[in-house]
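Asks: Just entry05.cif, nothing more (mmCIF, C-alpha atoms):
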```
data_data
loop_
_atom_site.label_atom_id
_atom_site.label_comp_id
_atom_site.auth_asym_id
_atom_site.auth_seq_id
_atom_site.Cartn_x
_atom_site.Cartn_y
_atom_site.Cartn_z
CA ASP K 34 17.59 -3.32 15.04
CA VAL K 35 19.71 -6.47 14.86
CA ILE K 36 18.52 -8.82 12.09
CA CYS K 37 19.74 -12.24 11.00
CA GLN K 38 21.94 -12.79 7.95
CA ARG K 39 19.05 -14.32 6.01
CA CYS K 40 16.85 -11.21 6.47
CA HIS K 41 19.80 -8.93 5.69
CA ASN K 42 20.47 -10.71 2.40
CA LEU K 43 16.77 -10.60 1.46
CA GLN K 44 16.44 -6.90 2.26
CA PHE K 45 19.64 -5.64 0.67
CA SER K 46 20.52 -8.11 -2.10
CA GLY K 47 17.27 -10.01 -2.76
CA THR K 48 18.96 -13.39 -2.31
CA VAL K 49 18.55 -16.32 0.06
CA ALA K 50 20.30 -19.66 0.38
CA GLU K 51 18.10 -22.47 -1.00
CA GLU K 52 18.51 -24.53 2.19
CA LEU K 53 16.73 -21.66 4.03
CA ARG K 54 13.90 -21.27 1.51
CA PRO K 55 10.60 -23.19 1.77
CA GLY K 56 9.76 -25.03 -1.45
CA TRP K 57 13.43 -25.37 -2.38
CA THR K 58 14.97 -26.88 0.76
CA GLN K 59 14.85 -30.52 1.88
CA GLU K 60 14.60 -29.40 5.52
CA PRO K 61 11.50 -31.15 7.03
CA GLN K 62 10.66 -28.17 9.26
CA LEU K 63 10.25 -25.97 6.15
CA SER K 64 8.18 -28.44 4.11
CA GLN K 65 4.64 -27.89 2.84
CA GLU K 66 3.41 -30.52 5.29
CA ALA K 67 5.04 -28.68 8.21
CA PHE K 68 3.28 -25.43 7.31
CA LEU K 69 -0.08 -27.20 6.97
CA ASN K 70 0.42 -28.88 10.36
CA MET K 71 1.14 -25.44 11.81
CA LEU K 72 -2.29 -24.28 10.60
CA GLN K 73 -4.27 -27.34 11.69
CA PRO K 74 -5.02 -26.10 15.25
CA ILE K 75 -7.05 -23.17 13.85
CA ARG K 76 -10.09 -25.30 13.02
CA ASN K 77 -9.90 -27.14 16.34
CA LYS K 78 -9.77 -24.13 18.69
CA PRO K 79 -12.70 -24.65 21.08
CA GLU K 80 -13.38 -20.91 21.37
CA GLY K 81 -13.17 -20.47 17.59
CA ALA K 82 -11.15 -18.01 15.50
CA VAL K 83 -11.44 -15.52 12.64
CA VAL K 84 -9.52 -16.36 9.46
CA ILE K 85 -8.35 -13.71 6.98
CA ALA K 86 -7.46 -15.52 3.75
CA LEU K 87 -5.31 -13.37 1.48
CA ILE K 88 -5.49 -13.92 -2.29
CA ASP K 89 -3.89 -12.20 -5.28
CA LEU K 90 -6.50 -10.84 -7.71
CA PHE K 91 -4.03 -11.20 -10.59
CA ASP K 92 -3.09 -14.81 -9.77
CA PHE K 93 -6.46 -15.85 -8.42
CA SER K 94 -6.55 -19.63 -8.84
CA GLY K 95 -2.83 -19.88 -8.07
CA SER K 96 -3.12 -17.97 -4.79
CA VAL K 97 -6.31 -19.53 -3.37
CA LEU K 98 -5.39 -22.16 -0.79
CA SER K 99 -6.98 -25.41 -1.93
CA GLN K 100 -6.97 -26.51 1.75
CA LEU K 101 -8.77 -23.35 2.98
CA ASP K 102 -11.96 -25.21 3.95
CA GLU K 103 -9.89 -27.76 5.87
CA ILE K 104 -7.86 -25.03 7.62
CA ALA K 105 -10.82 -22.81 8.57
CA GLY K 106 -13.33 -25.47 9.59
CA THR K 107 -16.53 -23.72 10.68
CA ASN K 108 -14.79 -20.46 11.61
CA PRO K 109 -15.73 -17.21 9.80
CA VAL K 110 -13.53 -16.47 6.79
CA ILE K 111 -12.78 -13.02 5.39
CA ILE K 112 -11.40 -13.19 1.86
CA ALA K 113 -8.94 -10.31 1.43
CA ALA K 114 -8.50 -9.84 -2.34
CA ASN K 115 -5.16 -8.05 -2.70
CA LYS K 116 -3.92 -5.64 -5.43
CA ALA K 117 -7.27 -3.90 -5.81
CA ASP K 118 -5.31 -0.72 -6.58
CA LEU K 119 -4.45 -2.22 -10.00
CA LEU K 120 -8.09 -2.80 -11.02
CA PRO K 121 -9.70 -0.50 -13.62
CA SER K 122 -11.36 2.55 -12.05
CA GLU K 123 -14.65 1.69 -13.83
CA LEU K 124 -14.93 -1.56 -11.83
CA THR K 125 -17.10 -0.95 -8.77
CA GLN K 126 -16.17 -2.53 -5.46
CA LEU K 127 -19.43 -4.49 -5.33
CA ARG K 128 -18.86 -5.91 -8.80
CA GLY K 129 -15.31 -6.92 -7.89
CA GLU K 130 -16.42 -8.63 -4.68
CA ASN K 131 -19.18 -10.52 -6.51
CA TRP K 132 -16.62 -11.73 -9.08
CA VAL K 133 -14.42 -13.04 -6.25
CA ARG K 134 -17.39 -14.92 -4.77
CA ARG K 135 -18.22 -16.54 -8.12
CA GLU K 136 -14.62 -17.60 -8.71
CA LEU K 137 -14.36 -19.14 -5.23
CA GLU K 138 -17.59 -21.03 -5.84
CA TYR K 139 -16.18 -22.29 -9.15
CA LEU K 140 -13.03 -23.49 -7.33
CA GLY K 141 -15.15 -25.33 -4.77
CA ILE K 142 -14.22 -23.17 -1.76
CA GLN K 143 -17.15 -23.41 0.66
CA SER K 144 -15.84 -21.84 3.88
CA LEU K 145 -16.80 -18.34 2.71
CA ALA K 146 -20.40 -19.42 3.40
CA ASN K 147 -19.59 -19.85 7.12
CA VAL K 148 -21.45 -17.46 9.42
CA GLY K 149 -19.72 -14.07 9.27
CA GLY K 150 -17.92 -14.77 5.98
CA ALA K 151 -17.10 -11.73 3.84
CA VAL K 152 -15.10 -10.53 0.82
CA ARG K 153 -13.03 -7.34 0.94
CA LEU K 154 -11.04 -5.77 -1.89
CA ILE K 155 -7.79 -4.41 -0.46
CA SER K 156 -4.34 -3.20 -1.41
CA CYS K 157 -1.50 -4.17 0.93
CA LYS K 158 0.70 -1.68 -0.91
CA THR K 159 -1.46 1.44 -0.62
CA GLY K 160 -3.60 0.47 2.37
CA PHE K 161 -6.87 0.68 0.42
CA GLY K 162 -9.64 -1.28 2.15
CA VAL K 163 -7.38 -2.52 4.98
CA THR K 164 -9.04 -0.41 7.69
CA SER K 165 -12.55 -1.68 6.89
CA MET K 166 -11.27 -5.25 6.66
CA ILE K 167 -9.61 -4.97 10.10
CA ALA K 168 -12.82 -3.48 11.49
CA LYS K 169 -14.81 -6.43 10.13
CA ALA K 170 -12.34 -8.95 11.59
CA ARG K 171 -12.36 -7.17 14.96
CA GLU K 172 -16.17 -7.06 14.99
CA LEU K 173 -16.38 -10.82 14.35
CA ALA K 174 -13.68 -11.60 16.91
CA GLU K 175 -15.41 -9.53 19.62
CA LYS K 176 -18.79 -11.15 18.89
CA MET K 177 -17.12 -14.53 19.45
CA GLY K 178 -15.71 -13.45 22.80
CA GLY K 179 -12.39 -11.90 21.77
CA VAL K 180 -10.94 -14.80 19.76
CA ASP K 181 -7.69 -14.72 17.77
CA VAL K 182 -7.50 -13.57 14.15
CA TYR K 183 -5.26 -15.52 11.74
CA VAL K 184 -3.87 -14.36 8.39
CA VAL K 185 -3.33 -17.23 5.93
CA GLY K 186 -2.50 -17.38 2.24
CA ALA K 187 -0.29 -18.85 -0.45
CA ALA K 188 3.37 -17.94 -0.88
CA ASN K 189 3.88 -14.38 -2.12
CA ALA K 190 0.20 -13.43 -1.73
CA GLY K 191 1.24 -10.46 0.42
CA LYS K 192 0.72 -11.72 4.00
CA SER K 193 3.82 -10.06 5.46
CA THR K 194 3.10 -6.80 3.64
CA LEU K 195 -0.45 -6.87 5.04
CA MET K 196 0.85 -7.53 8.57
CA ASN K 197 3.27 -4.61 8.22
CA ARG K 198 0.40 -2.39 7.08
CA ILE K 199 -1.66 -3.46 10.13
CA LEU K 200 1.33 -2.84 12.44
CA GLU K 201 1.74 0.62 10.94
CA LYS K 202 -1.94 1.44 11.48
CA SER K 203 -1.73 0.13 15.06
CA ALA K 204 1.32 2.30 15.74
CA ASN K 205 -0.62 5.35 14.53
CA TYR K 206 -3.70 4.50 16.65
CA ASP K 207 -4.34 6.21 19.97
CA LYS K 208 -5.82 3.63 22.38
CA ASN K 209 -7.08 6.34 24.75
CA THR K 210 -9.07 8.35 22.22
CA LYS K 211 -9.67 5.34 19.94
CA LYS K 212 -8.78 7.55 16.97
CA PRO K 213 -5.73 7.94 14.68
CA LYS K 214 -2.93 9.92 16.30
CA VAL K 215 -2.66 13.55 15.29
CA LYS K 216 0.24 14.41 13.03
CA LYS K 217 2.40 16.04 15.72
CA ASP K 218 2.34 12.82 17.81
CA MET K 219 3.49 10.59 14.95
CA PRO K 220 7.17 9.65 14.44
CA LYS K 221 8.89 11.59 11.68
CA LYS K 222 9.42 9.66 8.45
CA ARG K 223 12.83 9.91 6.85
CA ALA K 224 13.98 8.56 3.52
CA GLY K 225 15.59 5.15 3.89
CA ASN K 226 14.36 4.31 7.39
CA ALA K 227 11.02 2.67 6.50
CA ASN K 228 12.57 -0.81 6.57
CA GLN K 229 14.10 -0.22 9.98
CA ARG K 230 10.84 0.27 11.91
CA ARG K 231 10.72 -1.88 15.03
CA GLY K 232 8.63 -5.01 14.50
CA LYS K 233 8.59 -4.78 10.73
CA ILE K 234 8.41 -8.17 9.02
CA THR K 235 10.99 -8.83 6.31
CA THR K 236 9.44 -8.79 2.84
CA SER K 237 10.88 -9.51 -0.60
CA PRO K 238 9.66 -10.46 -4.09
CA LEU K 239 10.92 -14.03 -3.51
CA PRO K 240 8.29 -16.66 -2.56
CA GLY K 241 9.12 -18.35 0.74
CA THR K 242 10.58 -15.26 2.42
CA THR K 243 8.65 -15.65 5.70
CA LEU K 244 9.40 -18.82 7.65
CA LYS K 245 6.67 -18.69 10.31
#
```
Could you rewrite the structure in this file as structure tokens?
Replies:
Amino acid sequence: DVICQRCHNLQFSGTVAEELRPGWTQEPQLSQEAFLNMLQPIRNKPEGAVVIALIDLFDFSGSVLSQLDEIAGTNPVIIAANKADLLPSELTQLRGENWVRRELEYLGIQSLANVGGAVRLISCKTGFGVTSMIAKARELAEKMGGVDVYVVGAANAGKSTLMNRILEKSANYDKNTKKPKVKKDMPKKRAGNANQRRGKITTSPLPGTTLK
């Protein structure tokens, strides 16, 4: 696939020009205000929407969007707590989810209490919990008449990695049987070609990688 120079530099050298990096550039279209304006229509959609808010369990307060209530409005919010694969094995899922709820309450985030709100521990890296989270989002969206689902989160929370994981699961899903494709129907994986899959979103350790 043909990719732009910016994505090529991010993928192969881990660098990006500062004028093309949100948070570093003076370009108005890449400012914090521009990104917030981009999210404003979510709360005003007449048919409603489902919001998946991605947070980093190991940078909790730093990755929770302080404007989440304003962005979501009265729409259902699913908190996707990322990096659950790094938690101690003794920590049960229920205990982890309850901790997330308490921390959000402490930070003053109220949109989780919207009808349909939920907390899910996930790992964008391994795929843990992603299937059940998608099922929950789909269930809510269908109950509301087939509304859109939005993924929001702070810089470097793992949004693009999550989207790639969802794209991968969709590619391996048979719409006719409504089950995962059998192994013989799946494309062969080869070393070095994972980043070249059609539709894959560019990811990197640098905050501000994704522009839109």
Asks: Find the spatial neighbours of region 89-98 of chain K, counting all atoms listed in the file, within a cut-off of 6 Å - ignore same-chain residues fewer than 5 positions away - and output them as a list of chain:residue names.
Replies: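 The residues that qualify are K:Ala114, K:Asn115, K:Ala187, K:Ala190.
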Asks: Could you tell me which residues the PyMOL selection byres ((chain K and resi 74) around 12) grabs in this file, written as a CSV table (one decimal) with C-alpha atoms, in the frame of the given file?
Replies:
```
chain,number,residue,atom,x,y,z
K,68,PHE,CA,3.3,-25.4,7.3
K,69,LEU,CA,-0.1,-27.2,7.0
K,70,ASN,CA,0.4,-28.9,10.4
K,71,MET,CA,1.1,-25.4,11.8
K,72,LEU,CA,-2.3,-24.3,10.6
K,73,GLN,CA,-4.3,-27.3,11.7
K,75,ILE,CA,-7.0,-23.2,13.8
K,76,ARG,CA,-10.1,-25.3,13.0
K,77,ASN,CA,-9.9,-27.1,16.3
K,78,LYS,CA,-9.8,-24.1,18.7
K,79,PRO,CA,-12.7,-24.6,21.1
K,80,GLU,CA,-13.4,-20.9,21.4
K,81,GLY,CA,-13.2,-20.5,17.6
K,82,ALA,CA,-11.2,-18.0,15.5
K,103,GLU,CA,-9.9,-27.8,5.9
K,104,ILE,CA,-7.9,-25.0,7.6
K,105,ALA,CA,-10.8,-22.8,8.6
K,106,GLY,CA,-13.3,-25.5,9.6
K,108,ASN,CA,-14.8,-20.5,11.6
K,181,ASP,CA,-7.7,-14.7,17.8
K,183,TYR,CA,-5.3,-15.5,11.7
```
Asks: Would you mind telling me which residue in K:Arg198, K:Arg134, K:Lys169, K:Lys233 lies nearest to Ser156 (chain K) when using only C-alpha atoms?
Replies: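 Once distances to Ser156 (chain K) are computed over only C-alpha atoms, the minimum belongs to K:Arg198.
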Asks: I'd like the neighbourhood of Ile234 (chain K) as a VMD selection string, where a residue qualifies if any of its atoms comes within 8 Å (using all atoms listed in the file), though same-chain residues fewer than 6 positions away should be ignored.
Replies: chain K and resid 193 to 194 196 to 197
Asks: Please report the interatomic distance between CA of Glu51 (chain K) and CA of Pro238 (chain K) in Å with one decimal.
Replies: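 A separation of 15.0 Å between them.
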Asks: With distances taken over all atoms listed in the file, which of K:Ala50, K:Leu154, K:Leu43, K:Ile199 is nearest to Ile167 (chain K)?
Replies: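 Checking each candidate against Ile167 (chain K), we get K:Ile199 as the closest.
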Asks: Just to confirm, what's the straight-line distance from CA of Ala170 (chain K) to CA of Ala86 (chain K) in Å (one decimal)?
Replies: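 CA of Ala170 (chain K) sits 11.3 Å away from CA of Ala86 (chain K).
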Asks: Between CA of Glu60 (chain K) and CA of Phe45 (chain K), what is the distance, to one decimal in Å?
Replies: 24.8 Å
Asks: Please evaluate the PyMOL selection byres ((chain K and resi 118) around 10) against the structure above and give the resulting residues as a list in words.
Replies: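 The output of the PyMOL selection byres ((chain K and resi 118) around 10) on this file is Asn115, Lys116, Ala117, Leu119, Leu120, Pro121, Ser122, Leu154, Ile155, Ser156, Cys157, Lys158, Thr159, Gly160, Phe161 and Gly162 of chain K.
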Asks: I'd like to know which of K:Leu127, K:Leu244, K:Ala204, K:Val148 is closest to Leu53 (chain K), using all atoms listed in the file.
Replies: K:Leu244
Asks: Within 12 Å of (-16.8, -4.9, 5.2), only C-alpha atoms: residues as number ranges by chain?
Replies: K: 111-113, 126-127, 130, 149-155, 162-173
Asks: Go ahead and dump the residues you just picked, C-alpha atoms, as a PDB file, in the frame of the given file.
Replies:
```
ATOM      1  CA  ILE K 111     -12.780 -13.020   5.390  1.00  0.00           C
ATOM      2  CA  ILE K 112     -11.400 -13.190   1.860  1.00  0.00           C
ATOM      3  CA  ALA K 113      -8.940 -10.310   1.430  1.00  0.00           C
ATOM      4  CA  GLN K 126     -16.170  -2.530  -5.460  1.00  0.00           C
ATOM      5  CA  LEU K 127     -19.430  -4.490  -5.330  1.00  0.00           C
ATOM      6  CA  GLU K 130     -16.420  -8.630  -4.680  1.00  0.00           C
ATOM      7  CA  GLY K 149     -19.720 -14.070   9.270  1.00  0.00           C
ATOM      8  CA  GLY K 150     -17.920 -14.770   5.980  1.00  0.00           C
ATOM      9  CA  ALA K 151     -17.100 -11.730   3.840  1.00  0.00           C
ATOM     10  CA  VAL K 152     -15.100 -10.530   0.820  1.00  0.00           C
ATOM     11  CA  ARG K 153     -13.030  -7.340   0.940  1.00  0.00           C
ATOM     12  CA  LEU K 154     -11.040  -5.770  -1.890  1.00  0.00           C
ATOM     13  CA  ILE K 155      -7.790  -4.410  -0.460  1.00  0.00           C
ATOM     14  CA  GLY K 162      -9.640  -1.280   2.150  1.00  0.00           C
ATOM     15  CA  VAL K 163      -7.380  -2.520   4.980  1.00  0.00           C
ATOM     16  CA  THR K 164      -9.040  -0.410   7.690  1.00  0.00           C
ATOM     17  CA  SER K 165     -12.550  -1.680   6.890  1.00  0.00           C
ATOM     18  CA  MET K 166     -11.270  -5.250   6.660  1.00  0.00           C
ATOM     19  CA  ILE K 167      -9.610  -4.970  10.100  1.00  0.00           C
ATOM     20  CA  ALA K 168     -12.820  -3.480  11.490  1.00  0.00           C
ATOM     21  CA  LYS K 169     -14.810  -6.430  10.130  1.00  0.00           C
ATOM     22  CA  ALA K 170     -12.340  -8.950  11.590  1.00  0.00           C
ATOM     23  CA  ARG K 171     -12.360  -7.170  14.960  1.00  0.00           C
ATOM     24  CA  GLU K 172     -16.170  -7.060  14.990  1.00  0.00           C
ATOM     25  CA  LEU K 173     -16.380 -10.820  14.350  1.00  0.00           C
TER      26      LEU K 173
END
```
Asks: Nearest to Thr243 (chain K) among K:Leu140, K:Ala188, K:Ala174, K:Cys37, with distances taken over all atoms listed in the file: which residue is it?
Replies: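 Ranking K:Leu140, K:Ala188, K:Ala174, K:Cys37 by distance to Thr243 (chain K), first place goes to K:Ala188.
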Asks: Expanded to explicit residues, what is the PyMOL selection byres ((chain K and resi 52) around 12) for this file, as a PDB file with C-alpha atoms, in the coordinates of the input?
Replies:
```
ATOM      1  CA  ARG K  39      19.050 -14.320   6.010  1.00  0.00           C
ATOM      2  CA  VAL K  49      18.550 -16.320   0.060  1.00  0.00           C
ATOM      3  CA  ALA K  50      20.300 -19.660   0.380  1.00  0.00           C
ATOM      4  CA  GLU K  51      18.100 -22.470  -1.000  1.00  0.00           C
ATOM      5  CA  LEU K  53      16.730 -21.660   4.030  1.00  0.00           C
ATOM      6  CA  ARG K  54      13.900 -21.270   1.510  1.00  0.00           C
ATOM      7  CA  PRO K  55      10.600 -23.190   1.770  1.00  0.00           C
ATOM      8  CA  GLY K  56       9.760 -25.030  -1.450  1.00  0.00           C
ATOM      9  CA  TRP K  57      13.430 -25.370  -2.380  1.00  0.00           C
ATOM     10  CA  THR K  58      14.970 -26.880   0.760  1.00  0.00           C
ATOM     11  CA  GLN K  59      14.850 -30.520   1.880  1.00  0.00           C
ATOM     12  CA  GLU K  60      14.600 -29.400   5.520  1.00  0.00           C
ATOM     13  CA  PRO K  61      11.500 -31.150   7.030  1.00  0.00           C
ATOM     14  CA  GLN K  62      10.660 -28.170   9.260  1.00  0.00           C
ATOM     15  CA  LEU K  63      10.250 -25.970   6.150  1.00  0.00           C
ATOM     16  CA  SER K  64       8.180 -28.440   4.110  1.00  0.00           C
ATOM     17  CA  GLY K 241       9.120 -18.350   0.740  1.00  0.00           C
TER      18      GLY K 241
END
```
Asks: Pick from K:Gly141, K:Gly191, K:Pro109, K:Gly129: nearest to Pro240 (chain K), with only C-alpha atoms counted?
Replies: K:Gly191
Asks: Got a sec: who's within 6 Å of Val110 (chain K), counting only C-alpha atoms, leaving out chain neighbours fewer than 4 positions off, as an NGL selection string?
Replies: :K and (84-85 or 145 or 150)
